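The structure appears right after this line, and notes come after that.
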Amino acid sequence: YRPLDGLPQTPYVCLRLPTGGGKTILGAHSVSIARDTWVEKDYPFVLWLVPSNTIRKQTVEALKKAGHPYREALDAAFGGRVRVFDIGDFSNVRPHDMAGNCCVVVGTNQTLRVSNTEGRKVYAHHEDLEPHFSMVPPRADGLEKLDDGAIKYSFANLMHVHRPLMIVDEAHNAVSGLTREMQARVNPCAIIELTATPRDKNGKLLSNILHSVTAQELKLEEMIKLPIVLSEHTSWHNAVNGAVAARASLAEKADLDRDYIRPIVLFQAEAKDREITVEVLKKHLIEVEQVPESRIAVATGNQRELDGINLFSPDCLIEYVITVEALKEGWDCSFAYVFCSVARIQSAVDVEQILGRVLRMPYAKRRKDAELNRSYAFLSTEEFGKTAKSLMDKLVAMGFEEEEAEQNIEHVQFEFDDGDDNLFNYQSRPDQSFVHVTDIPDQKVEE
């Protein structure tokens, strides 16, 4: 056990789950466990930190929504006495809320993780927070003060006084010295980290792993789609065509499934200053692949065509989603079966995060047709292909143990001509997790 610098008495543990393992719902359940075993408050105060504004909004919405599994976990534990706040709305948190409810405030690491607190709203003085400090001694230690020595009525000071339970999602993004400084300011009563990769780039363990789940366990629990079938292509046109053909074949299989499934292709286009932009890719899908525009949605920083759309609804028409990097984290649609990249991605982390978007199994139940139990990736650039060939590192990044990753890699080589008949015509073992094919002429696959 490695205690935190500056917070040696604060329990600091990590739950290690691979991509698709349900980190957020586990976080929701962990609140009541921490209450019963350590916090000793009927209604704990929770600071829930996430890595991006996109995930922040998704998490707040889910935790507020009646009947959502995240909210149900909290309601069951606290008899429905739960209040959820976006960190931007912290001024709405009242003392009586905290006295009689489990209050959950969701924010990003970046909001709190600063070296200079001046100008940051959460560290600023707010008169409407004064009721929270009515019983706090004027000379209380650890609190930021105003120039006249009075206690600053800030949300950061409020947290320091109430000592929240801190839940850190995607904790591998929050390991800097600034993070530790921020944690000392917040003064949490305990820290629970959720991540698939609790190690730095050099393999150094960064957290106290309380429990670890392997990707193979998730597969056995029917939570993720494996193997990953990877196809490399000499041109982006062929990669796109292969992805469209794969979706069509999967849709036929899905029509025979016991549950409603509409296979979705997730395309990653290049940035605006490159060749294959969102606009170029969308035009190609409509004019060359003959995809109706109504079945395409664009999800980028500026175009949010997925907002307000329920992709799981039988009335939804969306079969293709084009993004650049907006869906790298926090986009968890289990109908996404096919990933196709025309972008130049070289980072191992990028490969893991993007492939992770198509890993989740619909309804967390193994499908009758074997093709619907796999996920598919179509790649067109040399750099991405080279990175993906070192798949063992990526599987480890996704939560596989090293030995497990090695045992679950199988490379398949055969003639591949982008024809529909050959798309799924490969040999495989029941326990494999990866298949690699190529249409690159005269290139041997040696790994």
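Going by the structure tokens order, chains are called A, B, ..., each with residues numbered from 1, while ligands are numbered from 1 in the order shown.
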Contacts of segment 294-301 of chain A at 7 Å (only C-alpha atoms; same-chain gap of 3+ positions) as a PyMOL selection string | chain A and resi 304-306+317-324+326
Would you mind exporting C-alpha atoms of the selected residues as a PDB file, in the first residue's frame?
ATOM      1  CA  ARG A 304     -23.369  17.395 -32.475  1.00  0.00           C
ATOM      2  CA  GLU A 305     -25.882  15.479 -34.547  1.00  0.00           C
ATOM      3  CA  LEU A 306     -26.128  12.703 -31.934  1.00  0.00           C
ATOM      4  CA  LEU A 317     -32.246   5.481 -38.614  1.00  0.00           C
ATOM      5  CA  ILE A 318     -28.569   6.146 -37.816  1.00  0.00           C
ATOM      6  CA  GLU A 319     -26.244   3.431 -39.117  1.00  0.00           C
ATOM      7  CA  TYR A 320     -23.055   5.457 -39.629  1.00  0.00           C
ATOM      8  CA  VAL A 321     -21.386   7.920 -37.257  1.00  0.00           C
ATOM      9  CA  ILE A 322     -18.518  10.143 -38.425  1.00  0.00           C
ATOM     10  CA  THR A 323     -16.209  11.690 -35.852  1.00  0.00           C
ATOM     11  CA  VAL A 324     -12.653  12.968 -35.547  1.00  0.00           C
ATOM     12  CA  ALA A 326     -14.991  13.425 -30.039  1.00  0.00           C
TER      13      ALA A 326
END
Contacts of Asp169 of chain A at 9 Å or less, counting only C-alpha atoms, minus same-chain residues fewer than 6 places along, as a PyMOL selection string?
-> chain A and resi 23-24+27+48-51+192-195
I need the residues of segment 5-58 of chain A that end up classed as strand (DSSP E or B) by DSSP on the backbone, written out as a short mmCIF file (atom, residue, chain, number, x, y, z; two decimals) with N, CA, C and O atoms, in the first residue's frame.
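Wrote result_15.cif, looks like this:
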data_model
loop_
_atom_site.label_atom_id
_atom_site.label_comp_id
_atom_site.auth_asym_id
_atom_site.auth_seq_id
_atom_site.Cartn_x
_atom_site.Cartn_y
_atom_site.Cartn_z
N LEU A 7 -1.52 13.25 2.28
CA LEU A 7 -2.78 12.69 2.80
C LEU A 7 -2.54 11.25 3.25
O LEU A 7 -3.19 10.31 2.78
N TYR A 12 -6.72 5.21 -0.17
CA TYR A 12 -6.51 5.54 -1.59
C TYR A 12 -6.39 4.24 -2.35
O TYR A 12 -5.38 3.55 -2.29
N VAL A 13 -7.49 3.84 -3.06
CA VAL A 13 -7.52 2.53 -3.71
C VAL A 13 -7.99 2.66 -5.15
O VAL A 13 -8.61 3.66 -5.54
N CYS A 14 -7.70 1.64 -5.91
CA CYS A 14 -8.02 1.63 -7.34
C CYS A 14 -8.76 0.35 -7.70
O CYS A 14 -8.39 -0.74 -7.26
N LEU A 15 -9.81 0.49 -8.48
CA LEU A 15 -10.51 -0.65 -9.06
C LEU A 15 -10.14 -0.68 -10.54
O LEU A 15 -10.44 0.26 -11.28
N ARG A 16 -9.48 -1.74 -10.95
CA ARG A 16 -8.95 -1.84 -12.32
C ARG A 16 -9.90 -2.67 -13.17
O ARG A 16 -10.07 -3.86 -12.94
N PHE A 45 -21.00 13.07 1.20
CA PHE A 45 -20.81 14.06 0.14
C PHE A 45 -19.80 13.48 -0.84
O PHE A 45 -18.72 13.02 -0.44
N VAL A 46 -20.13 13.46 -2.14
CA VAL A 46 -19.31 12.78 -3.15
C VAL A 46 -18.83 13.78 -4.19
O VAL A 46 -19.64 14.53 -4.76
N LEU A 47 -17.54 13.81 -4.45
CA LEU A 47 -16.97 14.56 -5.57
C LEU A 47 -16.55 13.55 -6.62
O LEU A 47 -15.64 12.75 -6.41
N TRP A 48 -17.23 13.58 -7.77
CA TRP A 48 -17.02 12.60 -8.84
C TRP A 48 -16.28 13.30 -9.97
O TRP A 48 -16.83 14.17 -10.64
N LEU A 49 -15.03 12.92 -10.19
CA LEU A 49 -14.19 13.59 -11.20
C LEU A 49 -14.04 12.73 -12.44
O LEU A 49 -13.79 11.52 -12.35
N VAL A 50 -14.16 13.36 -13.61
CA VAL A 50 -14.06 12.68 -14.90
C VAL A 50 -13.06 13.44 -15.76
O VAL A 50 -12.71 14.59 -15.46
#
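Reported to one decimal place, the separation of atom CA of His162 of chain A from atom CA of Glu144 of chain A is 14.6 Å.
The list of residues with at least one atom within 10 Å of Leu26 of chain A, based on only C-alpha atoms and without residues fewer than 3 positions apart in the same chain, reads A:Leu15, A:Leu17, A:Gly21, A:Gly22, A:Lys23, A:His29, A:Ser30, A:Val31, A:Tyr70, A:Ala73, A:Leu194.
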